[in-house]
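Colleague: Structure supplied as run-v4.cif; contents: mmCIF, C-alpha atoms.
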data_work
loop_
_atom_site.group_PDB
_atom_site.id
_atom_site.type_symbol
_atom_site.label_atom_id
_atom_site.label_comp_id
_atom_site.auth_asym_id
_atom_site.auth_seq_id
_atom_site.Cartn_x
_atom_site.Cartn_y
_atom_site.Cartn_z
ATOM 1 C CA MET J 131 47.125 -125.164 -9.933
ATOM 2 C CA ALA J 132 50.791 -126.030 -9.654
ATOM 3 C CA THR J 133 52.307 -126.273 -6.246
ATOM 4 C CA VAL J 134 55.919 -125.480 -5.516
ATOM 5 C CA GLU J 135 57.644 -128.138 -3.474
ATOM 6 C CA ILE J 136 60.457 -127.495 -1.111
ATOM 7 C CA GLN J 137 62.804 -130.462 -0.722
ATOM 8 C CA SER J 138 62.798 -132.178 2.622
ATOM 9 C CA PRO J 139 62.955 -135.687 4.105
ATOM 10 C CA SER J 140 59.878 -137.606 3.045
ATOM 11 C CA SER J 141 59.064 -138.537 6.617
ATOM 12 C CA VAL J 142 58.209 -134.938 7.498
ATOM 13 C CA ARG J 143 54.571 -134.080 7.124
ATOM 14 C CA LYS J 144 54.047 -131.324 4.618
ATOM 15 C CA VAL J 145 51.475 -128.609 4.930
ATOM 16 C CA VAL J 146 49.778 -126.923 2.009
ATOM 17 C CA VAL J 147 49.872 -123.173 2.390
ATOM 18 C CA HIS J 148 47.599 -121.013 0.284
ATOM 19 C CA LEU J 149 48.762 -117.423 -0.093
ATOM 20 C CA ARG J 150 46.100 -114.810 -0.611
ATOM 21 C CA ALA J 151 46.830 -111.254 -1.594
ATOM 22 C CA THR J 152 44.705 -108.634 0.105
ATOM 23 C CA GLY J 153 44.572 -104.869 -0.073
ATOM 24 C CA ASP J 154 47.040 -103.572 -2.614
ATOM 25 C CA ALA J 155 49.386 -106.532 -2.522
ATOM 26 C CA PRO J 156 50.546 -108.117 -5.773
ATOM 27 C CA ILE J 157 49.215 -111.569 -6.540
ATOM 28 C CA LEU J 158 51.809 -114.295 -6.903
ATOM 29 C CA LYS J 159 51.895 -116.486 -9.993
ATOM 30 C CA GLN J 160 51.930 -119.522 -7.777
ATOM 31 C CA VAL J 161 49.795 -119.244 -4.703
ATOM 32 C CA LYS J 162 49.902 -122.713 -3.247
ATOM 33 C CA PHE J 163 52.978 -124.412 -1.985
ATOM 34 C CA LYS J 164 53.955 -127.228 0.329
ATOM 35 C CA ILE J 165 56.180 -126.630 3.257
ATOM 36 C CA PRO J 166 57.461 -129.063 5.884
ATOM 37 C CA GLY J 167 55.283 -128.892 8.963
ATOM 38 C CA SER J 168 58.368 -128.665 11.109
ATOM 39 C CA ASP J 169 59.324 -125.345 9.544
ATOM 40 C CA LYS J 170 58.600 -122.162 11.384
ATOM 41 C CA PHE J 171 56.119 -119.645 10.109
ATOM 42 C CA ALA J 172 59.087 -117.362 9.626
ATOM 43 C CA LYS J 173 59.850 -119.370 6.481
ATOM 44 C CA VAL J 174 56.499 -118.368 4.987
ATOM 45 C CA ILE J 175 57.082 -114.725 5.857
ATOM 46 C CA ASP J 176 60.580 -114.774 4.404
ATOM 47 C CA PHE J 177 59.355 -116.532 1.280
ATOM 48 C CA LEU J 178 56.762 -113.830 0.737
ATOM 49 C CA ARG J 179 59.295 -111.091 1.337
ATOM 50 C CA ARG J 180 61.637 -112.550 -1.277
ATOM 51 C CA GLN J 181 58.888 -113.141 -3.822
ATOM 52 C CA LEU J 182 57.457 -109.693 -3.458
ATOM 53 C CA HIS J 183 60.731 -107.880 -2.922
ATOM 54 C CA ARG J 184 59.178 -106.109 -0.015
ATOM 55 C CA GLU J 185 60.540 -105.922 3.456
ATOM 56 C CA THR J 186 57.388 -104.800 5.128
ATOM 57 C CA LEU J 187 54.589 -107.255 4.901
ATOM 58 C CA PHE J 188 51.469 -107.618 6.832
ATOM 59 C CA VAL J 189 50.896 -111.363 7.139
ATOM 60 C CA TYR J 190 47.958 -112.961 8.852
ATOM 61 C CA VAL J 191 45.932 -116.155 9.036
ATOM 62 C CA ASN J 192 42.218 -116.558 8.450
ATOM 63 C CA SER J 193 41.475 -112.834 8.547
ATOM 64 C CA ALA J 194 42.029 -112.969 12.225
ATOM 65 C CA PHE J 195 45.520 -112.826 13.603
ATOM 66 C CA SER J 196 49.187 -112.651 12.907
ATOM 67 C CA PRO J 197 51.171 -115.722 13.909
ATOM 68 C CA ASN J 198 54.429 -115.358 15.739
ATOM 69 C CA PRO J 199 57.238 -116.183 13.297
ATOM 70 C CA ASP J 200 58.459 -118.901 15.660
ATOM 71 C CA GLU J 201 55.246 -120.882 15.448
ATOM 72 C CA LEU J 202 55.566 -124.193 13.649
ATOM 73 C CA VAL J 203 53.636 -124.457 10.420
ATOM 74 C CA ILE J 204 52.221 -127.825 11.435
ATOM 75 C CA ASP J 205 50.831 -126.372 14.663
ATOM 76 C CA LEU J 206 49.206 -123.535 12.772
ATOM 77 C CA TYR J 207 47.743 -125.930 10.273
ATOM 78 C CA ASN J 208 46.389 -128.265 12.954
ATOM 79 C CA ASN J 209 44.705 -125.418 14.794
ATOM 80 C CA PHE J 210 43.669 -123.057 12.047
ATOM 81 C CA GLY J 211 43.829 -124.933 8.781
ATOM 82 C CA PHE J 212 40.757 -125.999 6.871
ATOM 83 C CA ASP J 213 39.985 -127.733 3.585
ATOM 84 C CA GLY J 214 43.420 -129.313 3.802
ATOM 85 C CA LYS J 215 45.380 -126.084 3.779
ATOM 86 C CA LEU J 216 46.526 -123.145 5.797
ATOM 87 C CA VAL J 217 45.333 -119.854 4.358
ATOM 88 C CA VAL J 218 47.856 -117.079 4.788
ATOM 89 C CA ASN J 219 46.841 -113.572 3.784
ATOM 90 C CA TYR J 220 49.307 -110.841 3.050
ATOM 91 C CA ALA J 221 49.222 -107.149 2.329
ATOM 92 C CA CYS J 222 51.971 -104.696 1.660
ATOM 93 C CA SER J 223 52.765 -101.613 3.606
ATOM 94 C CA MET J 224 50.372 -98.854 2.847
ATOM 95 C CA ALA J 225 51.389 -95.414 1.976
ATOM 96 C CA TRP J 226 50.243 -92.697 4.222
ATOM 97 C CA GLY J 227 51.276 -89.128 4.795
ATOM 98 C CA MET O 93 29.045 -103.055 11.954
ATOM 99 C CA ASP O 94 29.254 -102.488 8.245
ATOM 100 C CA ILE O 95 32.765 -103.597 7.465
ATOM 101 C CA SER O 96 33.040 -101.843 4.139
ATOM 102 C CA SER O 97 32.687 -98.407 5.628
ATOM 103 C CA TRP O 98 34.457 -99.191 8.880
ATOM 104 C CA ASP O 99 37.773 -97.442 9.267
ATOM 105 C CA GLY O 100 39.288 -99.984 11.624
ATOM 106 C CA THR O 101 38.921 -97.825 14.713
ATOM 107 C CA ILE O 102 36.800 -98.293 17.800
ATOM 108 C CA SER O 103 35.077 -96.085 20.324
ATOM 109 C CA LEU O 104 35.978 -95.933 24.002
ATOM 110 C CA ALA O 105 32.887 -97.977 24.854
ATOM 111 C CA GLU O 106 33.887 -100.581 22.291
ATOM 112 C CA PHE O 107 37.373 -100.631 23.748
ATOM 113 C CA HIS O 108 35.856 -101.508 27.118
ATOM 114 C CA VAL O 109 33.855 -104.336 25.603
ATOM 115 C CA ALA O 110 36.944 -105.632 23.842
ATOM 116 C CA ALA O 111 39.040 -105.286 26.991
ATOM 117 C CA ARG O 112 36.547 -107.232 29.057
ATOM 118 C CA ALA O 113 36.453 -109.949 26.399
ATOM 119 C CA LEU O 114 40.238 -110.165 26.343
ATOM 120 C CA VAL O 115 40.543 -110.444 30.124
ATOM 121 C CA GLU O 116 37.851 -113.086 30.422
ATOM 122 C CA LYS O 117 39.008 -115.184 27.564
ATOM 123 C CA TRP O 118 42.648 -114.996 28.544
ATOM 124 C CA LYS O 119 41.806 -116.119 32.063
ATOM 125 C CA ARG O 120 39.664 -118.957 30.734
ATOM 126 C CA VAL O 121 42.076 -120.441 28.269
ATOM 127 C CA SER O 122 45.392 -119.535 29.681
ATOM 128 C CA SER O 123 45.494 -120.246 33.376
ATOM 129 C CA ALA O 124 49.218 -120.970 33.233
ATOM 130 C CA SER O 125 50.026 -117.518 31.925
ATOM 131 C CA PRO O 126 49.871 -114.393 34.035
ATOM 132 C CA PRO O 127 46.508 -112.715 33.530
ATOM 133 C CA TRP O 128 45.691 -109.432 31.927
ATOM 134 C CA SER O 129 43.861 -107.233 34.366
ATOM 135 C CA TRP O 130 41.892 -104.061 34.088
ATOM 136 C CA VAL O 131 43.229 -101.160 36.099
ATOM 137 C CA SER O 132 40.754 -98.422 36.849
ATOM 138 C CA CYS O 133 42.046 -94.942 37.210
ATOM 139 C CA PRO O 134 40.833 -91.749 38.727
ATOM 140 C CA LYS O 135 39.089 -89.777 36.039
ATOM 141 C CA GLN O 136 40.813 -86.970 34.322
ATOM 142 C CA PRO O 137 38.854 -83.811 35.049
ATOM 143 C CA TRP O 138 37.889 -83.306 31.416
ATOM 144 C CA VAL O 139 36.425 -86.772 30.923
ATOM 145 C CA ALA O 140 32.641 -87.029 30.853
ATOM 146 C CA SER O 141 31.240 -88.507 34.028
ATOM 147 C CA HIS O 142 29.690 -91.575 32.391
ATOM 148 C CA GLU O 143 32.982 -92.717 30.911
ATOM 149 C CA VAL O 144 35.175 -95.159 32.794
ATOM 150 C CA GLU O 145 38.878 -94.573 32.667
ATOM 151 C CA GLY O 146 41.456 -97.285 32.804
ATOM 152 C CA TYR O 147 43.735 -99.599 30.928
ATOM 153 C CA LEU O 148 44.722 -103.233 30.578
ATOM 154 C CA SER O 149 47.817 -104.352 32.371
ATOM 155 C CA LEU O 150 50.146 -107.330 32.191
ATOM 156 C CA GLU O 151 53.172 -106.812 34.342
ATOM 157 C CA ASN O 152 56.356 -108.412 35.550
ATOM 158 C CA ILE O 153 56.544 -110.885 32.770
ATOM 159 C CA ILE O 154 59.696 -112.330 31.395
ATOM 160 C CA LEU O 155 59.972 -112.619 27.662
ATOM 161 C CA VAL O 156 63.113 -114.609 27.215
ATOM 162 C CA SER O 157 65.222 -114.431 24.120
ATOM 163 C CA ILE O 158 67.321 -117.514 23.751
ATOM 164 C CA LYS O 159 70.092 -116.666 21.331
ATOM 165 C CA GLU O 160 67.670 -114.745 19.143
ATOM 166 C CA GLU O 161 66.112 -117.962 18.003
ATOM 167 C CA HIS O 162 63.117 -118.561 20.112
ATOM 168 C CA ASP O 163 60.900 -116.539 22.392
ATOM 169 C CA GLU O 164 58.712 -117.799 25.149
ATOM 170 C CA LEU O 165 56.412 -116.285 27.617
ATOM 171 C CA LEU O 166 57.262 -117.464 31.085
ATOM 172 C CA SER O 167 55.009 -116.729 33.971
ATOM 173 C CA PHE O 168 56.710 -115.556 37.098
ATOM 174 C CA PRO O 169 54.157 -113.347 38.767
ATOM 175 C CA GLN O 170 55.808 -111.231 41.361
ATOM 176 C CA LYS O 171 53.210 -108.776 42.386
ATOM 177 C CA GLU O 172 49.588 -107.994 41.703
ATOM 178 C CA GLU O 173 48.353 -104.513 41.161
ATOM 179 C CA THR O 174 44.759 -103.715 41.942
ATOM 180 C CA SER O 175 44.640 -100.033 41.202
ATOM 181 C CA CYS O 176 46.761 -97.175 40.056
ATOM 182 C CA SER O 177 47.595 -95.814 43.448
ATOM 183 C CA ASP O 178 47.177 -98.619 45.954
ATOM 184 C CA LYS O 179 49.429 -101.581 45.332
ATOM 185 C CA GLU O 180 49.164 -104.778 47.257
ATOM 186 C CA GLU O 181 52.167 -106.968 46.852
ATOM 187 C CA SER O 182 51.974 -110.710 47.001
ATOM 188 C CA ILE O 183 55.206 -112.334 46.098
ATOM 189 C CA ASP O 184 55.396 -115.644 44.312
ATOM 190 C CA ILE O 185 58.853 -117.004 44.477
ATOM 191 C CA ALA O 186 59.809 -118.944 41.407
ATOM 192 C CA THR O 187 63.172 -120.294 40.525
ATOM 193 C CA LEU O 188 64.638 -119.760 37.161
ATOM 194 C CA SER O 189 67.763 -121.463 36.048
ATOM 195 C CA GLN O 190 69.501 -119.311 33.582
ATOM 196 C CA SER O 191 73.136 -119.325 32.729
ATOM 197 C CA ASP O 192 73.311 -115.609 32.121
ATOM 198 C CA ARG O 193 71.206 -113.697 34.623
ATOM 199 C CA ASP O 194 72.091 -110.430 32.970
ATOM 200 C CA GLU O 195 69.855 -111.413 30.126
ATOM 201 C CA ILE O 196 66.697 -111.588 32.184
ATOM 202 C CA CYS O 197 64.515 -108.582 31.800
ATOM 203 C CA TYR O 198 60.965 -107.937 32.807
ATOM 204 C CA TYR O 199 58.234 -106.302 30.830
ATOM 205 C CA ASP O 200 55.256 -104.314 31.927
ATOM 206 C CA LEU O 201 52.651 -104.085 29.187
ATOM 207 C CA HIS O 202 49.734 -101.707 29.253
ATOM 208 C CA ILE O 203 46.992 -101.362 26.666
ATOM 209 C CA VAL O 204 45.619 -97.855 26.705
ATOM 210 C CA TYR O 205 42.882 -96.382 24.565
ATOM 211 C CA SER O 206 43.901 -93.455 22.413
ATOM 212 C CA ALA O 207 41.040 -91.028 21.988
ATOM 213 C CA SER O 208 42.763 -89.187 19.185
ATOM 214 C CA TYR O 209 43.475 -92.262 17.049
ATOM 215 C CA ARG O 210 40.480 -94.223 18.364
ATOM 216 C CA VAL O 211 42.514 -97.377 18.725
ATOM 217 C CA PRO O 212 44.309 -99.258 21.490
ATOM 218 C CA VAL O 213 47.948 -98.434 22.037
ATOM 219 C CA LEU O 214 50.617 -100.615 23.598
ATOM 220 C CA TYR O 215 52.730 -98.983 26.235
ATOM 221 C CA PHE O 216 55.575 -100.948 27.707
ATOM 222 C CA ARG O 217 58.617 -100.700 29.825
ATOM 223 C CA VAL O 218 61.499 -103.086 30.269
ATOM 224 C CA TYR O 219 63.690 -103.444 33.301
ATOM 225 C CA TYR O 220 66.277 -105.681 34.867
ATOM 226 C CA SER O 221 65.568 -107.760 37.931
ATOM 227 C CA ASP O 222 66.862 -104.984 40.116
ATOM 228 C CA GLY O 223 64.281 -102.621 38.663
ATOM 229 C CA GLU O 224 66.675 -100.603 36.560
ATOM 230 C CA PRO O 225 65.118 -99.685 33.238
ATOM 231 C CA LEU O 226 66.796 -100.670 30.007
ATOM 232 C CA GLU O 227 68.107 -98.119 27.565
ATOM 233 C CA PHE O 228 66.325 -98.218 24.239
ATOM 234 C CA GLU O 229 69.350 -99.654 22.477
ATOM 235 C CA ASP O 230 69.417 -102.503 24.969
ATOM 236 C CA ILE O 231 65.693 -103.064 24.560
ATOM 237 C CA LYS O 232 66.236 -103.519 20.865
ATOM 238 C CA LYS O 233 68.831 -106.175 21.632
ATOM 239 C CA HIS O 234 66.308 -108.052 23.745
ATOM 240 C CA LEU O 235 63.482 -107.872 21.259
ATOM 241 C CA PRO O 236 62.946 -110.989 19.229
ATOM 242 C CA ALA O 237 65.162 -110.816 16.167
ATOM 243 C CA HIS O 238 62.287 -110.878 13.742
ATOM 244 C CA SER O 239 60.479 -108.035 15.335
ATOM 245 C CA ALA O 240 63.597 -105.962 15.803
ATOM 246 C CA LYS O 241 64.008 -106.173 12.068
ATOM 247 C CA THR O 242 60.357 -105.364 11.495
ATOM 248 C CA LEU O 243 60.709 -102.414 13.794
ATOM 249 C CA LEU O 244 63.553 -100.944 11.877
ATOM 250 C CA ASP O 245 62.049 -101.598 8.461
ATOM 251 C CA SER O 246 58.404 -101.003 8.967
ATOM 252 C CA LYS O 247 56.251 -97.957 8.624
ATOM 253 C CA TRP O 248 53.688 -99.583 10.805
ATOM 254 C CA THR O 249 55.524 -100.296 13.966
ATOM 255 C CA PHE O 250 57.775 -97.763 15.491
ATOM 256 C CA ILE O 251 58.510 -97.096 19.070
ATOM 257 C CA THR O 252 58.478 -93.725 20.742
ATOM 258 C CA GLN O 253 59.027 -92.759 24.321
ATOM 259 C CA GLU O 254 56.259 -90.758 25.888
ATOM 260 C CA GLU O 255 54.675 -89.966 29.155
ATOM 261 C CA HIS O 256 52.241 -92.677 30.178
ATOM 262 C CA PRO O 257 48.794 -91.057 30.063
ATOM 263 C CA TYR O 258 47.876 -92.187 33.566
ATOM 264 C CA LEU O 259 51.094 -92.938 35.375
ATOM 265 C CA LYS O 260 52.845 -89.787 34.247
ATOM 266 C CA ARG O 261 56.174 -91.470 33.815
ATOM 267 C CA PRO O 262 58.074 -92.105 30.579
ATOM 268 C CA TRP O 263 57.103 -95.357 28.969
ATOM 269 C CA TYR O 264 57.760 -96.748 25.533
ATOM 270 C CA LYS O 265 54.851 -96.777 23.194
ATOM 271 C CA LEU O 266 54.151 -98.502 19.930
ATOM 272 C CA HIS O 267 52.912 -95.723 17.723
ATOM 273 C CA PRO O 268 49.277 -96.187 16.760
ATOM 274 C CA CYS O 269 49.136 -94.316 13.494
ATOM 275 C CA GLY O 270 48.696 -97.342 11.218
ATOM 276 C CA THR O 271 46.470 -99.353 13.501
ATOM 277 C CA GLY O 272 43.089 -98.438 12.050
ATOM 278 C CA GLU O 273 44.241 -99.292 8.550
ATOM 279 C CA TRP O 274 45.621 -102.695 9.315
ATOM 280 C CA MET O 275 42.774 -103.653 11.634
ATOM 281 C CA LYS O 276 40.358 -102.859 8.836
ATOM 282 C CA LEU O 277 42.437 -104.902 6.441
ATOM 283 C CA LEU O 278 42.511 -107.766 8.876
ATOM 284 C CA PHE O 279 38.776 -108.005 9.275
ATOM 285 C CA GLN O 280 37.975 -107.258 5.697
ATOM 286 C CA GLY O 281 38.571 -110.807 4.644
ATOM 287 C CA ASP O 282 35.782 -112.113 6.814
ATOM 288 C CA VAL O 283 32.647 -110.122 6.329
ATOM 289 C CA SER O 284 30.498 -112.508 8.343
ATOM 290 C CA LEU O 285 32.663 -111.931 11.374
ATOM 291 C CA ALA O 286 31.995 -108.231 11.273
ATOM 292 C CA ARG O 287 28.312 -108.438 10.450
ATOM 293 C CA ASN O 288 27.585 -110.706 13.374
ATOM 294 C CA GLY O 289 28.895 -108.099 15.736
ATOM 295 C CA ALA O 290 31.625 -110.416 16.925
ATOM 296 C CA ALA O 291 34.378 -108.198 15.643
ATOM 297 C CA ILE O 292 34.524 -106.006 18.722
ATOM 298 C CA GLU O 293 34.834 -108.963 21.076
ATOM 299 C CA VAL O 294 37.902 -110.199 19.217
ATOM 300 C CA TYR O 295 39.313 -106.854 18.166
ATOM 301 C CA LEU O 296 41.851 -106.639 20.945
ATOM 302 C CA ILE O 297 42.906 -110.248 20.591
ATOM 303 C CA SER O 298 43.580 -109.823 16.901
ATOM 304 C CA TRP O 299 45.278 -106.513 17.561
ATOM 305 C CA LEU O 300 47.441 -108.044 20.273
ATOM 306 C CA SER O 301 48.567 -110.841 17.987
ATOM 307 C CA PHE O 302 50.273 -108.158 15.916
ATOM 308 C CA VAL O 303 51.605 -105.703 18.420
ATOM 309 C CA GLY O 304 52.549 -108.406 20.888
ATOM 310 C CA GLN O 305 55.098 -109.686 18.422
ATOM 311 C CA VAL O 306 57.118 -106.526 18.787
ATOM 312 C CA VAL O 307 57.860 -107.486 22.364
ATOM 313 C CA GLY O 308 57.755 -111.228 21.839
ATOM 314 C CA LEU O 309 54.434 -111.869 23.529
ATOM 315 C CA ARG O 310 52.920 -115.090 22.315
ATOM 316 C CA ILE O 311 49.173 -115.460 22.160
ATOM 317 C CA PRO O 312 48.021 -118.959 23.126
ATOM 318 C CA TYR O 313 46.237 -120.781 20.321
ATOM 319 C CA GLU O 314 43.087 -121.185 22.365
ATOM 320 C CA MET O 315 42.703 -117.426 22.398
ATOM 321 C CA LEU O 316 42.821 -117.374 18.616
ATOM 322 C CA ASN O 317 40.683 -120.399 17.957
ATOM 323 C CA GLN O 318 37.378 -118.658 17.840
ATOM 324 C CA LEU O 319 38.491 -115.755 15.724
#
Please express the file's structure as structure tokens.
Modeller:
Amino acid sequence: MATVEIQSPSSVRKVVVHLRATGDAPILKQVKFKIPGSDKFAKVIDFLRRQLHRETLFVYVNSAFSPNPDELVIDLYNNFGFDGKLVVNYACSMAWG
Amino acid sequence: MDISSWDGTISLAEFHVAARALVEKWKRVSSASPPWSWVSCPKQPWVASHEVEGYLSLENIILVSIKEEHDELLSFPQKEETSCSDKEESIDIATLSQSDRDEICYYDLHIVYSASYRVPVLYFRVYYSDGEPLEFEDIKKHLPAHSAKTLLDSKWTFITQEEHPYLKRPWYKLHPCGTGEWMKLLFQGDVSLARNGAAIEVYLISWLSFVGQVVGLRIPYEMLNQL
């Protein structure tokens, strides 16, 4: 599966993020990408928002919790990553009456 | 719990289990942060006698916004509350060096069970160091930039002002109407978690990781590690 690389200095450790659609969310064509560990989780959220053209996204890690956008990706990966990647789930806002 | 038919809501008894788990775990892993505490309240006359009434409380915390870039939870406990009516005050003096003291505001956070929605609800109030409450427009300015945006855009998080169910004063409340749906969605990805009955123990922690972001509350990683 192709991974999308974001340019950054080669000395920065990159983290593989795996994006999983849940609920009614559209599935991206590319679901794995590398992001500098020093980036904040906000980058992942913003990336998803742009790709899906949705402002409201429900983004969470490991079916368990939603990271604060200011958390560093490398910290999240070190604590909650497994199999060499950080799994980030997303769902779109649900319609209700 | 059968996750496929679960609607994401919890009973009052389950809320108590989850609340106890949150308090204990928070105390265990996060001794540097101010603790969540359970506040018991006199029963409302219409509540069945076997049901305990109360809520979770985290008060007098400073959630500092530094130029909208970065939010941190600082612990400056100023008083401890042991019950709704009797308050014992023990003052911890801490020094804070801040260039603009006008920016410091304090939050009181309460987690109250909503019987009608069957989910926890976050009530909060924000005030300056002199105790004066912030106007809603000013609260929005102090919210972390990301969540302020989420607030304005999202169907899932909107703030209303209502009478606190126990304290009978106006507090801000994060409306609970979407909670069941997104809690179900959250746990759906991990069926084993639900089947083992662990879901209730972590329900509030997972829930708090979402709603806490609206006010900039950061959950320590150790709290999330066993989710």
Colleague: What residues come out when you apply the PyMOL selection byres ((chain J) within 7 of (chain O)) to this file, written as a ChimeraX atom specification?
Modeller: /J:153,185-186,193-198,200
Colleague: Write to file, as a tab-separated table (two decimals), in the coordinates of the input, the residues of the selection just made, with C-alpha atoms.
Modeller:
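Result file follows (result20.tsv):
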chain	number	residue	atom	x	y	z
J	153	GLY	CA	44.57	-104.87	-0.07
J	185	GLU	CA	60.54	-105.92	3.46
J	186	THR	CA	57.39	-104.80	5.13
J	193	SER	CA	41.48	-112.83	8.55
J	194	ALA	CA	42.03	-112.97	12.22
J	195	PHE	CA	45.52	-112.83	13.60
J	196	SER	CA	49.19	-112.65	12.91
J	197	PRO	CA	51.17	-115.72	13.91
J	198	ASN	CA	54.43	-115.36	15.74
J	200	ASP	CA	58.46	-118.90	15.66
Colleague: Taking the file above as input, evaluate the PyMOL selection byres ((chain J and resi 216) around 7) and report the hits as a short mmCIF file (atom, residue, chain, number, x, y, z; two decimals) with C-alpha atoms, in the frame of the given file.
Modeller:
data_model
loop_
_atom_site.label_atom_id
_atom_site.label_comp_id
_atom_site.auth_asym_id
_atom_site.auth_seq_id
_atom_site.Cartn_x
_atom_site.Cartn_y
_atom_site.Cartn_z
CA VAL J 146 49.78 -126.92 2.01
CA VAL J 147 49.87 -123.17 2.39
CA HIS J 148 47.60 -121.01 0.28
CA TYR J 207 47.74 -125.93 10.27
CA PHE J 210 43.67 -123.06 12.05
CA GLY J 211 43.83 -124.93 8.78
CA PHE J 212 40.76 -126.00 6.87
CA LYS J 215 45.38 -126.08 3.78
CA VAL J 217 45.33 -119.85 4.36
CA VAL J 218 47.86 -117.08 4.79
#
Colleague: Around all of region 222-225 of chain O's listed atoms, make the axis-aligned box with 3 Å on each side and tell me centre and edge lengths in Å to one decimal, as AutoDock Vina command-line options.
Modeller:
--center_x 65.6 --center_y -102.3 --center_z 36.7 --size_x 8.6 --size_y 11.3 --size_z 12.9
Colleague: Write out as a ChimeraX atom specification which residues come within 12 Å of Leu149 (chain J) when counting all atoms listed in the file, dropping same-chain ones fewer than 6 positions away.
Modeller: /J:133,155-164,174-175,177-178,181,189-192,215-221
Colleague: Please dump the current selection as a PDB file, in the frame of the given file; keep C-alpha atoms.
Modeller:
ATOM      1  CA  THR J 133      52.307-126.273  -6.246  1.00  0.00           C
ATOM      2  CA  ALA J 155      49.386-106.532  -2.522  1.00  0.00           C
ATOM      3  CA  PRO J 156      50.546-108.117  -5.773  1.00  0.00           C
ATOM      4  CA  ILE J 157      49.215-111.569  -6.540  1.00  0.00           C
ATOM      5  CA  LEU J 158      51.809-114.295  -6.903  1.00  0.00           C
ATOM      6  CA  LYS J 159      51.895-116.486  -9.993  1.00  0.00           C
ATOM      7  CA  GLN J 160      51.930-119.522  -7.777  1.00  0.00           C
ATOM      8  CA  VAL J 161      49.795-119.244  -4.703  1.00  0.00           C
ATOM      9  CA  LYS J 162      49.902-122.713  -3.247  1.00  0.00           C
ATOM     10  CA  PHE J 163      52.978-124.412  -1.985  1.00  0.00           C
ATOM     11  CA  LYS J 164      53.955-127.228   0.329  1.00  0.00           C
ATOM     12  CA  VAL J 174      56.499-118.368   4.987  1.00  0.00           C
ATOM     13  CA  ILE J 175      57.082-114.725   5.857  1.00  0.00           C
ATOM     14  CA  PHE J 177      59.355-116.532   1.280  1.00  0.00           C
ATOM     15  CA  LEU J 178      56.762-113.830   0.737  1.00  0.00           C
ATOM     16  CA  GLN J 181      58.888-113.141  -3.822  1.00  0.00           C
ATOM     17  CA  VAL J 189      50.896-111.363   7.139  1.00  0.00           C
ATOM     18  CA  TYR J 190      47.958-112.961   8.852  1.00  0.00           C
ATOM     19  CA  VAL J 191      45.932-116.155   9.036  1.00  0.00           C
ATOM     20  CA  ASN J 192      42.218-116.558   8.450  1.00  0.00           C
ATOM     21  CA  LYS J 215      45.380-126.084   3.779  1.00  0.00           C
ATOM     22  CA  LEU J 216      46.526-123.145   5.797  1.00  0.00           C
ATOM     23  CA  VAL J 217      45.333-119.854   4.358  1.00  0.00           C
ATOM     24  CA  VAL J 218      47.856-117.079   4.788  1.00  0.00           C
ATOM     25  CA  ASN J 219      46.841-113.572   3.784  1.00  0.00           C
ATOM     26  CA  TYR J 220      49.307-110.841   3.050  1.00  0.00           C
ATOM     27  CA  ALA J 221      49.222-107.149   2.329  1.00  0.00           C
TER      28      ALA J 221
END
Colleague: Please identify all polymer residues within 7 Å of Trp118 (chain O), counting only C-alpha atoms, omitting same-chain residues fewer than 4 positions from it, and present them as an NGL selection string.
Modeller: :O and (114 or 122 or 127 or 315)
Colleague: If the PyMOL selection byres ((chain O and resi 100) around 6) is run on the structure shown, which residues does it catch, given as a PyMOL selection string?
Modeller: chain O and resi 98-99+101+272-273+275-276
Colleague: Work out how far apart CA of Leu104 (chain O) and CA of Ala207 (chain O) are and give it in Å to one decimal.
Modeller: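 Separating CA of Leu104 (chain O) from CA of Ala207 (chain O) is a distance of 7.3 Å.
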Colleague: Which residues, protein or nucleic acid, reach to within 9 Å of (51.8, -93.6, 15.3) in the file's coordinates when using all atoms listed in the file, and can you give that as number ranges by chain?
Modeller: O: 209, 248-252, 266-271
Colleague: Pull C-alpha atoms from the residues just selected and write them as a compact mmCIF listing (two decimals), keeping the file's coordinate frame.
Modeller:
# COMPACT_ATOMS: atom_id res chain seq x y z
CA TYR O 209 43.48 -92.26 17.05
CA TRP O 248 53.69 -99.58 10.80
CA THR O 249 55.52 -100.30 13.97
CA PHE O 250 57.78 -97.76 15.49
CA ILE O 251 58.51 -97.10 19.07
CA THR O 252 58.48 -93.72 20.74
CA LEU O 266 54.15 -98.50 19.93
CA HIS O 267 52.91 -95.72 17.72
CA PRO O 268 49.28 -96.19 16.76
CA CYS O 269 49.14 -94.32 13.49
CA GLY O 270 48.70 -97.34 11.22
CA THR O 271 46.47 -99.35 13.50
Colleague: Point out the residue among J:Lys144, J:Asp213, J:Lys170, J:Ala151 with the least atom-to-atom distance to Glu201 (chain J), counting all atoms listed in the file.
Modeller: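 Of J:Lys144, J:Asp213, J:Lys170, J:Ala151, the one nearest Glu201 (chain J), counting all atoms listed in the file, is J:Lys170.
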Colleague: Please compute the CA of Phe228 (chain O)-CA of Tyr198 (chain O) distance, one decimal, in Å.
Modeller: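 Computing the Euclidean distance for CA of Phe228 (chain O) and CA of Tyr198 (chain O) yields 14.0 Å.
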Colleague: Tell me which of O:Val131, O:Leu296, O:Ile154, O:Cys197 sits closest to Ser221 (chain O), counting only C-alpha atoms.
Modeller: O:Cys197
Colleague: Separation of CA of Pro262 (chain O) and CA of Arg217 (chain O), in Å?
Modeller: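 Atom-to-atom, CA of Pro262 (chain O) to CA of Arg217 (chain O), that is 8.6 Å.
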